[in-house]
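Beneath this line is the structure, given in structure tokens, with notes to follow.
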Number of protein chains: 2
Amino acid sequence: MSKKFVYQFSEANGTMRELLGGKGANLAEMTSLGMPVPEGFVITTEACTQYYADGEVVSPAIEQEILANIGKLEEISGKKFGDLTNPLLISVRSGSRASMPGMMDTILNLGLNDQVVESFAAATGNARFAYDSYRRFIQMYADVVMEVGKKYFEELIDKMKEEKDIELDTDLTADDLKDLANQFKAEYKAKLGEDFPSDPKVQLLGAVKAVFRSWNNHRAIVYRRMNDIPSSWGTAVNIQAMVFGNMGDDCGTGVAFSRDPSTGENVLYGEFLMNAQGEDVVAGIRTPNKIEQLKDIMPDVYDEFVYYTDKLERHYGDMQDMEFTIEKGKLYMLQTRNGKRTAQAALKIAVDLVAEGRCTKAEALLKIDPRQLDSLLHPQFDQAELDAAVPVAQGLAASPGAACGGIYFTAESCKEAAENGPTLLVRLETSPEDIEGMHAAQGILTARGGMTSHAAVVARGMGTCCVCGCGELKIDEHARTLKIGDEIFNEGDFMSIDGSTGNIYAGKIKTVEADVGGDFATIMEWADEVRTLKVRTNADNPADSAVAIRFGAEGIGLTRTEHMFFEPDRIPAVREMIISKTVEQREKALAKLLPMQRGDFEGIYVAMEHRPVTIRLLDPPLHEFLPTQESDIRALAKEMDLTYEELKAAIDSLHEFNPMMGHRGCRLSVTYPEIAVMQTRAIIEAAINVKKSHGFDIVPEIMIPLIGHVEELKYVKSFITKTADEIIAASGIELNYLVGTMIEIPRAALTADDIAKEADFFSFGTNDLTQMTFGFSRDDAGNFLDEYYEKKIFEADPFARIDQIGVGKLIKMSVELGRSVKPDLKLGICGEHGGDPSSINFCHRAGLDYVSCSPYRVPIARLAAAHAKLNEHKVEVESLG
Amino acid sequence: MSKKFVYQFSEANGTMRELLGGKGANLAEMTSLGMPVPEGFVITTEACTQYYADGEVVSPAIEQEILANIGKLEEISGKKFGDLTNPLLISVRSGSRASMPGMMDTILNLGLNDQVVESFAAATGNARFAYDSYRRFIQMYADVVMEVGKKYFEELIDKMKEEKDIELDTDLTADDLKDLANQFKAEYKAKLGEDFPSDPKVQLLGAVKAVFRSWNNHRAIVYRRMNDIPSSWGTAVNIQAMVFGNMGDDCGTGVAFSRDPSTGENVLYGEFLMNAQGEDVVAGIRTPNKIEQLKDIMPDVYDEFVYYTDKLERHYGDMQDMEFTIEKGKLYMLQTRNGKRTAQAALKIAVDLVAEGRCTKAEALLKIDPRQLDSLLHPQFDQAELDAAVPVAQGLAASPGAACGGIYFTAESCKEAAENGPTLLVRLETSPEDIEGMHAAQGILTARGGMTSHAAVVARGMGTCCVCGCGELKIDEHARTLKIGDEIFNEGDFMSIDGSTGNIYAGKIKTVEADVGGDFATIMEWADEVRTLKVRTNADNPADSAVAIRFGAEGIGLTRTEHMFFEPDRIPAVREMIISKTVEQREKALAKLLPMQRGDFEGIYVAMEHRPVTIRLLDPPLHEFLPTQESDIRALAKEMDLTYEELKAAIDSLHEFNPMMGHRGCRLSVTYPEIAVMQTRAIIEAAINVKKSHGFDIVPEIMIPLIGHVEELKYVKSFITKTADEIIAASGIELNYLVGTMIEIPRAALTADDIAKEADFFSFGTNDLTQMTFGFSRDDAGNFLDEYYEKKIFEADPFARIDQIGVGKLIKMSVELGRSVKPDLKLGICGEHGGDPSSINFCHRAGLDYVSCSPYRVPIARLAAAHAKLNEHKVEVESLG
């Protein structure tokens, strides 16, 4: 009996957030600040976890503690549960550490039954109000606690209104409502086979269990997964004496923000209704008043509220979102919390609060969720138009942003049409041949392929909006039509896609370029002052490099050379190289590619100036560069002066059962050293040229992918350094360069000490490392991962957020082993996790030197890196997924 | 200068094998035993590794040390290098720690030049002999040291014989040979552009370098890989004064074994030639005499040799393979080593040596290479017929043994023909539909697929000989012909295949069942007395189980339930289950499978009696059970009462990019719990039935594959135990069962402590664990692994021998983490490594409880486990590959 599971507001305070949840801690804090908060207590989050540990049972000890606290509440308020003279009515609300939509919200008026309602009517002198409260309670309890749908009760109301030929609920009389309450109880019994509980204690325990259960309902689980909230936290339950805003014209209720949550402007912002309960404000049947109008109606109450608002904002050092009720002229504060805000408002409020001396820069930075910045960096739909639109289908949100344009089904037609207006490229799936069309389009939409499909990867790289893998699309390229359900869209018809939600809309929705204004720059500057983790970018061309530098990238962590191979002017030479039967033939084809690759690297070096650039040698299996469709093979054979059979045989010989685990990465360099030699030549010659022409002190970082064994690294490195050293010697210029490796194969991590002896740097390729550590491919895992989330086997997508327990163990092991033999080993990450705040936090703790992410995520990474530094002292809750 | 790189025989002894190689250590040992060994010295293996470390250069220090030892040799022998009166002639031989064919063997007569040969002719009074020695030396030196092909010199001999119209080399006169020596030197200069070196010291250093170089020639590398010999060992060089068996009729040379190497019989076994050099015995131009005949020719020498033979066998406690030379009536011992022997001889010799008190049981066990036993356990080709046969092609040696039969191209025709005589099933690749034909055939031959192809896996499981992936086969199923090169074979033609070498022969080669006689049983008994590691088997049916028990299996470590699913009477229900759209449909199909699965397990339990049986739940992706060819799909659609399009769509929806990393293993149990429920039901009900009917105390071990996260295990285990407990409770019988997991995904190994909390046992699935730790799939790695061996990046096939550094680290980590939370956690291995001696040694050291391997490898594993126990104190050389 040592553990305390229930706290009266007066026993607690705002620091007890983990135990009491956000709502409970804030109620306690407001109580301790002397604000008028209706009395109550909190059942702790530990009681919730205990409930689950005990097999979804509230233990007798916890039950007794709850009832004992009801006793205290009765004492304080002078009211009693079930009392016929002065009945105690309470509200029951959930409240976890983090605000969580999707969980049970509120049960009001708990404590009413057939007897109590009578005396309540007498005590308030308002029978209509009393019975209305009662029928609302029965309805809410049946819905929330017993999971009988609300609709059955609404049907009864509608039926009565019809019989009485009235339109508004407010036209129902006290007797009508009393009748309805009886009908509701009968419906309750019909549906559940038991009487509606009249004992307030039974009602209370039922409600408490419902709150606990709601912690694990589907929506809550999904929300937690999306927001990195561990299921082990549990929810608290807040029990509070009722106050009524609907007892007459001297009553009211409202919600308000201490600043404008859309713009961040420093003005009180909110709404209220007189003679109403909270749900009426939300329901939208009556139009609420603006908060300023309260000044005219009840000036004293208004002034008091403004006073509390200011006090709370100063106290919490942040914009507050508050609920209040006025009962017979007296103001009660029902809730306060840090208010949700748009990304733009978040920036303005943070900057303003610092300027006003209400918080420090560090505190201000921590108020901004790095993930929120994403919406500032891409075009978005106009909110009003979006609100009015209904999606016609949904695919995977593969690359963020919004796009609107005429639909085209081939890269050529899309490119052509793009000269006259915005286009969307709509394909079954994209392939390298589509690159130009993809460049020309505002957005890309595909019917097939997952988050690592060609369309998704290329679109993210280009920062172009993309929705992919939408199976509902029936594309008829020949007829130039797209069918979704029964609806048919023709070439040129306008559609709109949202790469942040995966939603697909018919017609035009206006897009707006987000404003990356002065507050944004200020926040980024503050973040840079704080963080110690460097932020690089993944960029494959000068344009992306330039975007990344504008967003604050400090170097390139990953240049994927394969994307360059897909360019239409060079893919013939690439294919010639692949089809080559001898080293000489291959070298001849490579010689054609050399000047183009050298040009690529020169462009990137110039864009990056003095900043470091890591270039990865060719990684994908060679068959990716060859066509798979018979017609394409025939066309290519003709072009290459081969018979169809010859080319087909060559393509077949490259077939792999598991391409992800096949002949790629450094394995290509082992079997075809001449490819790596050409790339090395291009990298080094470009550096020499740019050093000569621009005077930049370039130190190219040559990265060898997919190393699993130190002997692979030794072998490949041997001819890279030989090639590089010869070129440098011949140039007469001094040039330093590094040769490092990806750590993306479990064996590399396990033997990182051996590998570090041969490597100047490690870059963690956490996409592949995650695939191989978990033993599933990202492209195939879609078939079962949804069930994994559903069944709570995984709580987070390991491809979005680093699995700190498994993959993280390998990373930490690599860091330790690597630095044990080379203390100054440079360490970075270049997987997609490099742009994920939770993963960035992990990288900071693991001791990495930098993260690298796509250009559009660089600002997010800068802020997340600052957060990581500021949160350094906090104990990390390790991810379960 | 502290390290000593050269040892005179008299400075060393037999324990210095690592430093001096086997040959050198034995020469030193014989010297110390007082036997007549020609004087000499050894250049150490460390000099060889130094040579490579220095960039293939013999350092001046080592060169000086060699020359200093030549000085000592001159002193001892009273002869001098290059001396015209009493010249020192020497032999140069390689000699590594382990006997290694493929390396440079011998250079004889080194020290001769134009001047020395004259005085040598005078000193021996045999000019013909002197010039013959000289021309042989030039030829050998040119071939071995300078890599000028032997054939150029043989052409010169042939030309001379033609000119002189003689047939035999022995008809060449001293002058002819002198002439030839001059021609040889001219040829040498013509080919190499330099004079044949006349300075004996130059000759010597050239020869030493050639020995060092030969350590890394192609054949040596291949041999090392096949025999687990690390390249870091290096080779020693043996320098010895020449003695001559060809100086007259009181001279001779021979080789002998102290026991018969074919049968193991305890009789001296060997051959000799009078007036001959060693190479003449081997060359086979003159027919050698049996060693017994020496008794008549030189009784004293014979008695002396028999005396040494006995002394050496007692000294080494093993059968010896010796070389000797008689020079002018005096016996010289040139070499002794433990003799190679057939598997059968190895057993007999081991048993006899113990009976004769020449070694202990432990020593006897260590004399037998476990891998050798394989040949005793499968039918083999008659050696004489095999020697005479020439392969027409070669594929992968996928499942050992030999088979001969008429070739058939479909499972049906093969099965039919098998009723009238032996058959071989020849297919492009096999699929589940071929099972019956595979069962009926003596052997299986395929054109496609690797070591884990369907044919290979099924054949190994059945113990049927299989050669697969032979690309040279052009199969025309329609015309019923097989074409190899230009040769055409028709249906019914006899062919013979060797699953231990991959060789394919035209026509019949007789096969012989190997004799598993009394010595075999004795050795196995001794092995069982010694070993602590248990040996289980992988068996999927009662027949295999019975074979394994006969071979001494102590239980089943892996029953793969998927093979049962392929049986023709149940695959329709399996497919119905896969195509099901609802849980109900799936359960209906599963209900059809239940009695069959229950029957499978009953059969296995009965065969295994009280022994433990581990049954793995369904593992492969479901698309493996569905056809891929259009015609098969059409046929199946008809059978299943579906349209082609429906079935095709269902099959397409199961397509995976990387099936190895897809929807399989426990992931199937997560998404379709009903499959695991049916299998659990079959496992438990069968155990109850057999317990009732036979009284065996069965404790089924239910194994969940592909676990990567403890939550997967928790989830799947929850309904397995629920199902099992309900059945057991209802049966009224007591039955224990275990639920454990494979450790085959890196993440499982990394989090083995979490997983152990939920698992009763771990079984390491090292096939998948190796694939995922290295990041390459076994099926695809064939495209590059050969180059890896060639380039010395890998020294061993990680799928054949556990990679102790990487994969081994994960295994050791799992053992430690697992036992840290559950000290009595049962640990085993069921990958193919379970039958590999080096891997078994690792498993013993890692603390595993058992290994599990295919039935035919059980005896090998028993002996290897005994070796592991006996070698426990030895420091393990960790594998590099």
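Letters for chains follow the order of the structure tokens (A, B, ...), residue numbers begin at 1 for each chain, and ligand numbers begin at 1 in the order shown.
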
Give me, as a tab-separated table, the closest atom pair and its distance (Å, one decimal) for every residue of chain B within a cut-off of 7 Å of chain A, counting only C-alpha atoms, rows sorted by chain and rising number.
```
residue	atom	partner	partner_atom	distance
B:Glu656	CA	A:Asp780	CA	5.9
B:Phe657	CA	A:Asp780	CA	6.5
B:Asn658	CA	A:Asn658	CA	4.3
B:Pro659	CA	A:Asn658	CA	6.5
B:Met660	CA	A:Asn658	CA	6.7
B:Met661	CA	A:Phe776	CA	4.1
B:Gly662	CA	A:Asp780	CA	5.3
B:His663	CA	A:Phe784	CA	6.7
B:Arg667	CA	A:Phe784	CA	6.9
B:Thr671	CA	A:Glu787	CA	6.4
B:Gly708	CA	A:Phe774	CA	5.9
B:Glu711	CA	A:Ile793	CA	5.0
B:Glu712	CA	A:Ile793	CA	5.8
B:Ile745	CA	A:Gly775	CA	5.8
B:Pro746	CA	A:Thr773	CA	5.0
B:Arg747	CA	A:Thr773	CA	5.1
B:Leu750	CA	A:Gly806	CA	6.0
B:Thr751	CA	A:Gly806	CA	6.5
B:Met772	CA	A:Met772	CA	5.5
B:Thr773	CA	A:Pro746	CA	5.0
B:Phe774	CA	A:Arg747	CA	5.6
B:Gly775	CA	A:Met661	CA	5.5
B:Phe776	CA	A:Met661	CA	4.1
B:Ser777	CA	A:Met661	CA	5.2
B:Asp779	CA	A:Phe657	CA	6.8
B:Asp780	CA	A:Gly662	CA	5.3
B:Ala781	CA	A:Gly662	CA	6.2
B:Asn783	CA	A:His663	CA	6.8
B:Phe784	CA	A:Thr671	CA	6.7
B:Glu787	CA	A:Thr671	CA	6.5
B:Ile793	CA	A:Glu711	CA	5.0
B:Gly806	CA	A:Arg747	CA	5.4
```

Selection near Val457 of chain A, 12 Å with only C-alpha atoms, sequence-local residues under 3 positions removed, as a PDB file with N, CA and C atoms, in the first residue's frame:
```pdb
ATOM      1  N   ALA A 397       1.583   9.063 -48.578  1.00  0.00           N
ATOM      2  CA  ALA A 397       2.130  10.415 -48.538  1.00  0.00           C
ATOM      3  C   ALA A 397       3.636  10.315 -48.721  1.00  0.00           C
ATOM      4  N   ALA A 398       4.066  10.301 -49.967  1.00  0.00           N
ATOM      5  CA  ALA A 398       5.441   9.915 -50.269  1.00  0.00           C
ATOM      6  C   ALA A 398       6.430  11.070 -50.272  1.00  0.00           C
ATOM      7  N   SER A 399       5.961  12.259 -50.609  1.00  0.00           N
ATOM      8  CA  SER A 399       6.853  13.420 -50.616  1.00  0.00           C
ATOM      9  C   SER A 399       5.998  14.651 -50.353  1.00  0.00           C
ATOM     10  N   PRO A 400       6.302  15.411 -49.308  1.00  0.00           N
ATOM     11  CA  PRO A 400       5.371  16.426 -48.823  1.00  0.00           C
ATOM     12  C   PRO A 400       5.191  17.614 -49.768  1.00  0.00           C
ATOM     13  N   THR A 430       6.758   4.858 -61.821  1.00  0.00           N
ATOM     14  CA  THR A 430       7.704   5.579 -62.659  1.00  0.00           C
ATOM     15  C   THR A 430       8.968   4.760 -62.826  1.00  0.00           C
ATOM     16  N   SER A 431       9.725   5.109 -63.874  1.00  0.00           N
ATOM     17  CA  SER A 431      11.013   4.455 -64.089  1.00  0.00           C
ATOM     18  C   SER A 431      11.986   5.539 -64.529  1.00  0.00           C
ATOM     19  N   PRO A 432      13.248   5.201 -64.611  1.00  0.00           N
ATOM     20  CA  PRO A 432      14.250   6.220 -64.945  1.00  0.00           C
ATOM     21  C   PRO A 432      13.924   7.017 -66.197  1.00  0.00           C
ATOM     22  N   ILE A 435      12.216  10.565 -65.924  1.00  0.00           N
ATOM     23  CA  ILE A 435      12.842  11.643 -65.153  1.00  0.00           C
ATOM     24  C   ILE A 435      12.445  13.038 -65.635  1.00  0.00           C
ATOM     25  N   MET A 438       9.013  13.943 -64.682  1.00  0.00           N
ATOM     26  CA  MET A 438       8.921  14.157 -63.237  1.00  0.00           C
ATOM     27  C   MET A 438       9.444  15.541 -62.862  1.00  0.00           C
ATOM     28  N   ILE A 444       3.611  14.266 -58.530  1.00  0.00           N
ATOM     29  CA  ILE A 444       3.682  12.937 -59.129  1.00  0.00           C
ATOM     30  C   ILE A 444       2.704  12.031 -58.394  1.00  0.00           C
ATOM     31  N   GLY A 449       3.720   0.922 -55.910  1.00  0.00           N
ATOM     32  CA  GLY A 449       5.019   1.231 -55.319  1.00  0.00           C
ATOM     33  C   GLY A 449       4.883   1.852 -53.956  1.00  0.00           C
ATOM     34  N   GLY A 450       5.851   1.577 -53.107  1.00  0.00           N
ATOM     35  CA  GLY A 450       5.797   2.041 -51.724  1.00  0.00           C
ATOM     36  C   GLY A 450       6.634   3.275 -51.492  1.00  0.00           C
ATOM     37  N   MET A 451       6.966   3.480 -50.240  1.00  0.00           N
ATOM     38  CA  MET A 451       7.663   4.694 -49.843  1.00  0.00           C
ATOM     39  C   MET A 451       9.105   4.739 -50.360  1.00  0.00           C
ATOM     40  N   THR A 452       9.599   3.612 -50.850  1.00  0.00           N
ATOM     41  CA  THR A 452      10.945   3.638 -51.434  1.00  0.00           C
ATOM     42  C   THR A 452      10.884   3.332 -52.915  1.00  0.00           C
ATOM     43  N   SER A 453       9.715   3.440 -53.505  1.00  0.00           N
ATOM     44  CA  SER A 453       9.622   3.230 -54.941  1.00  0.00           C
ATOM     45  C   SER A 453      10.385   4.340 -55.645  1.00  0.00           C
ATOM     46  N   HIS A 454      10.645   4.106 -56.904  1.00  0.00           N
ATOM     47  CA  HIS A 454      11.397   5.090 -57.695  1.00  0.00           C
ATOM     48  C   HIS A 454      10.757   6.472 -57.597  1.00  0.00           C
ATOM     49  N   ARG A 460      11.158  12.872 -53.427  1.00  0.00           N
ATOM     50  CA  ARG A 460      11.689  13.449 -52.178  1.00  0.00           C
ATOM     51  C   ARG A 460      13.001  14.157 -52.447  1.00  0.00           C
ATOM     52  N   GLY A 461      13.822  13.511 -53.269  1.00  0.00           N
ATOM     53  CA  GLY A 461      15.107  14.125 -53.595  1.00  0.00           C
ATOM     54  C   GLY A 461      14.918  15.477 -54.258  1.00  0.00           C
ATOM     55  N   MET A 462      13.921  15.584 -55.142  1.00  0.00           N
ATOM     56  CA  MET A 462      13.691  16.834 -55.873  1.00  0.00           C
ATOM     57  C   MET A 462      12.851  17.811 -55.071  1.00  0.00           C
ATOM     58  N   GLY A 463      12.296  17.338 -53.937  1.00  0.00           N
ATOM     59  CA  GLY A 463      11.404  18.209 -53.174  1.00  0.00           C
ATOM     60  C   GLY A 463      10.069  18.390 -53.877  1.00  0.00           C
ATOM     61  N   THR A 464       9.737  17.478 -54.785  1.00  0.00           N
ATOM     62  CA  THR A 464       8.460  17.559 -55.493  1.00  0.00           C
ATOM     63  C   THR A 464       7.412  16.745 -54.749  1.00  0.00           C
ATOM     64  N   CYS A 465       6.219  17.290 -54.698  1.00  0.00           N
ATOM     65  CA  CYS A 465       5.107  16.602 -54.049  1.00  0.00           C
ATOM     66  C   CYS A 465       4.828  15.274 -54.748  1.00  0.00           C
ATOM     67  N   CYS A 466       4.596  14.225 -53.951  1.00  0.00           N
ATOM     68  CA  CYS A 466       4.319  12.918 -54.551  1.00  0.00           C
ATOM     69  C   CYS A 466       3.375  12.100 -53.695  1.00  0.00           C
ATOM     70  N   VAL A 467       2.362  11.519 -54.341  1.00  0.00           N
ATOM     71  CA  VAL A 467       1.489  10.532 -53.708  1.00  0.00           C
ATOM     72  C   VAL A 467       1.672   9.253 -54.508  1.00  0.00           C
ATOM     73  N   CYS A 468       1.984   8.158 -53.841  1.00  0.00           N
ATOM     74  CA  CYS A 468       2.223   6.945 -54.616  1.00  0.00           C
ATOM     75  C   CYS A 468       1.454   5.764 -54.042  1.00  0.00           C
ATOM     76  N   ASN A 538      21.549  15.416 -48.217  1.00  0.00           N
ATOM     77  CA  ASN A 538      21.676  14.444 -49.297  1.00  0.00           C
ATOM     78  C   ASN A 538      21.296  15.170 -50.582  1.00  0.00           C
ATOM     79  N   ARG A 560      24.270  10.523 -54.274  1.00  0.00           N
ATOM     80  CA  ARG A 560      24.035   9.202 -54.887  1.00  0.00           C
ATOM     81  C   ARG A 560      24.369   9.308 -56.353  1.00  0.00           C
ATOM     82  N   HIS A 563      21.701   8.268 -59.513  1.00  0.00           N
ATOM     83  CA  HIS A 563      20.677   9.112 -60.132  1.00  0.00           C
ATOM     84  C   HIS A 563      21.236   9.803 -61.368  1.00  0.00           C
ATOM     85  N   GLY A 831      20.922   7.957 -43.811  1.00  0.00           N
ATOM     86  CA  GLY A 831      19.628   7.338 -44.125  1.00  0.00           C
ATOM     87  C   GLY A 831      18.526   8.353 -43.946  1.00  0.00           C
ATOM     88  N   GLU A 832      17.306   7.967 -44.286  1.00  0.00           N
ATOM     89  CA  GLU A 832      16.208   8.936 -44.173  1.00  0.00           C
ATOM     90  C   GLU A 832      15.957   9.340 -42.728  1.00  0.00           C
ATOM     91  N   SER A 854      17.481  15.137 -46.605  1.00  0.00           N
ATOM     92  CA  SER A 854      17.136  15.796 -47.858  1.00  0.00           C
ATOM     93  C   SER A 854      17.055  17.298 -47.623  1.00  0.00           C
TER      94      SER A 854
END
```

**OP:** For atom CA of Lys178 of chain B and atom CA of Asp165 of chain B, quote the distance in Å rounded to one decimal.
**Re:**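 So the answer is 17.9 Å.
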
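Using only C-alpha atoms, the nearest neighbour of Val530 of chain A within the list A:Lys367, A:His867, A:Lys295, A:His315 is A:His867.
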
Do you know which residues are at most 8 Å from Ala28 of chain A counting only C-alpha atoms, after dropping those on the same chain fewer than 3 positions away, and could you put them as an mmCIF file with all heavy atoms, in the first residue's frame?
```cif
data_model
loop_
_atom_site.group_PDB
_atom_site.id
_atom_site.type_symbol
_atom_site.label_atom_id
_atom_site.label_comp_id
_atom_site.auth_asym_id
_atom_site.auth_seq_id
_atom_site.Cartn_x
_atom_site.Cartn_y
_atom_site.Cartn_z
ATOM 1 N N GLN A 8 -5.480 14.649 -4.568
ATOM 2 C CA GLN A 8 -6.346 15.823 -4.650
ATOM 3 C C GLN A 8 -5.574 16.940 -5.357
ATOM 4 O O GLN A 8 -4.347 17.007 -5.261
ATOM 5 C CB GLN A 8 -6.725 16.300 -3.233
ATOM 6 C CG GLN A 8 -7.601 15.326 -2.454
ATOM 7 C CD GLN A 8 -9.071 15.390 -2.845
ATOM 8 O OE1 GLN A 8 -9.572 16.454 -3.178
ATOM 9 N NE2 GLN A 8 -9.739 14.236 -2.825
ATOM 10 N N PHE A 9 -6.271 17.819 -6.074
ATOM 11 C CA PHE A 9 -5.587 18.935 -6.745
ATOM 12 C C PHE A 9 -4.692 19.668 -5.752
ATOM 13 O O PHE A 9 -3.580 20.095 -6.076
ATOM 14 C CB PHE A 9 -6.584 19.941 -7.336
ATOM 15 C CG PHE A 9 -7.419 19.391 -8.463
ATOM 16 C CD1 PHE A 9 -8.643 19.981 -8.793
ATOM 17 C CD2 PHE A 9 -7.005 18.295 -9.218
ATOM 18 C CE1 PHE A 9 -9.420 19.503 -9.831
ATOM 19 C CE2 PHE A 9 -7.782 17.806 -10.262
ATOM 20 C CZ PHE A 9 -8.994 18.405 -10.566
ATOM 21 N N SER A 10 -5.188 19.801 -4.531
ATOM 22 C CA SER A 10 -4.462 20.601 -3.544
ATOM 23 C C SER A 10 -3.219 19.885 -3.024
ATOM 24 O O SER A 10 -2.374 20.506 -2.392
ATOM 25 C CB SER A 10 -5.396 20.925 -2.377
ATOM 26 O OG SER A 10 -5.947 19.716 -1.881
ATOM 27 N N GLU A 11 -3.118 18.597 -3.293
ATOM 28 C CA GLU A 11 -1.929 17.857 -2.846
ATOM 29 C C GLU A 11 -0.824 17.865 -3.893
ATOM 30 O O GLU A 11 0.254 17.334 -3.648
ATOM 31 C CB GLU A 11 -2.285 16.379 -2.599
ATOM 32 C CG GLU A 11 -3.238 16.138 -1.448
ATOM 33 C CD GLU A 11 -3.614 14.649 -1.360
ATOM 34 O OE1 GLU A 11 -3.967 14.065 -2.401
ATOM 35 O OE2 GLU A 11 -3.524 14.088 -0.265
ATOM 36 N N ALA A 12 -1.128 18.388 -5.073
ATOM 37 C CA ALA A 12 -0.209 18.182 -6.198
ATOM 38 C C ALA A 12 0.211 19.511 -6.813
ATOM 39 O O ALA A 12 -0.174 20.584 -6.351
ATOM 40 C CB ALA A 12 -0.897 17.315 -7.247
ATOM 41 N N ASN A 13 1.032 19.428 -7.870
ATOM 42 C CA ASN A 13 1.415 20.645 -8.576
ATOM 43 C C ASN A 13 1.821 20.330 -10.008
ATOM 44 O O ASN A 13 1.820 19.170 -10.430
ATOM 45 C CB ASN A 13 2.551 21.355 -7.833
ATOM 46 C CG ASN A 13 3.784 20.474 -7.785
ATOM 47 O OD1 ASN A 13 4.317 20.091 -8.827
ATOM 48 N ND2 ASN A 13 4.217 20.125 -6.570
ATOM 49 N N GLY A 14 2.197 21.384 -10.730
ATOM 50 C CA GLY A 14 2.423 21.276 -12.171
ATOM 51 C C GLY A 14 3.626 20.453 -12.582
ATOM 52 O O GLY A 14 3.767 20.089 -13.752
ATOM 53 N N GLY A 24 -4.372 17.128 -15.407
ATOM 54 C CA GLY A 24 -4.404 17.045 -13.949
ATOM 55 C C GLY A 24 -3.323 17.909 -13.309
ATOM 56 O O GLY A 24 -3.578 18.623 -12.327
ATOM 57 N N ALA A 25 -2.129 17.862 -13.883
ATOM 58 C CA ALA A 25 -1.036 18.650 -13.313
ATOM 59 C C ALA A 25 -1.352 20.130 -13.403
ATOM 60 O O ALA A 25 -1.092 20.901 -12.473
ATOM 61 C CB ALA A 25 0.273 18.332 -14.043
ATOM 62 N N THR A 31 -4.755 25.457 -9.082
ATOM 63 C CA THR A 31 -5.241 25.464 -7.707
ATOM 64 C C THR A 31 -4.199 26.089 -6.789
ATOM 65 O O THR A 31 -4.495 26.960 -5.962
ATOM 66 C CB THR A 31 -5.557 24.025 -7.245
ATOM 67 O OG1 THR A 31 -6.523 23.458 -8.140
ATOM 68 C CG2 THR A 31 -6.101 24.004 -5.817
ATOM 69 N N SER A 32 -2.942 25.682 -6.972
ATOM 70 C CA SER A 32 -1.898 26.202 -6.084
ATOM 71 C C SER A 32 -1.606 27.668 -6.359
ATOM 72 O O SER A 32 -1.073 28.382 -5.523
ATOM 73 C CB SER A 32 -0.631 25.353 -6.204
ATOM 74 O OG SER A 32 0.052 25.690 -7.389
#
```

**OP:** From the DSSP assignment of the backbone, select every residue of segment 719-798 of chain A that is strand (DSSP E or B), and format the answer as a VMD selection string.
**Re:** chain A and resid 738 to 743 761 to 764

**OP:** Just give me the gap between atom CA of Glu525 of chain A and atom CA of Asp318 of chain A in Å, one decimal is fine.
**Re:**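 Interatomic distance here is 20.4 Å.
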
Subject >> Exercise: Lys348 of chain B partners within 8 Å, only C-alpha atoms, chain neighbours under 3 positions left out, as a VMD selection string >> reply: chain B and resid 263 to 265 344 to 345 351 to 352 519
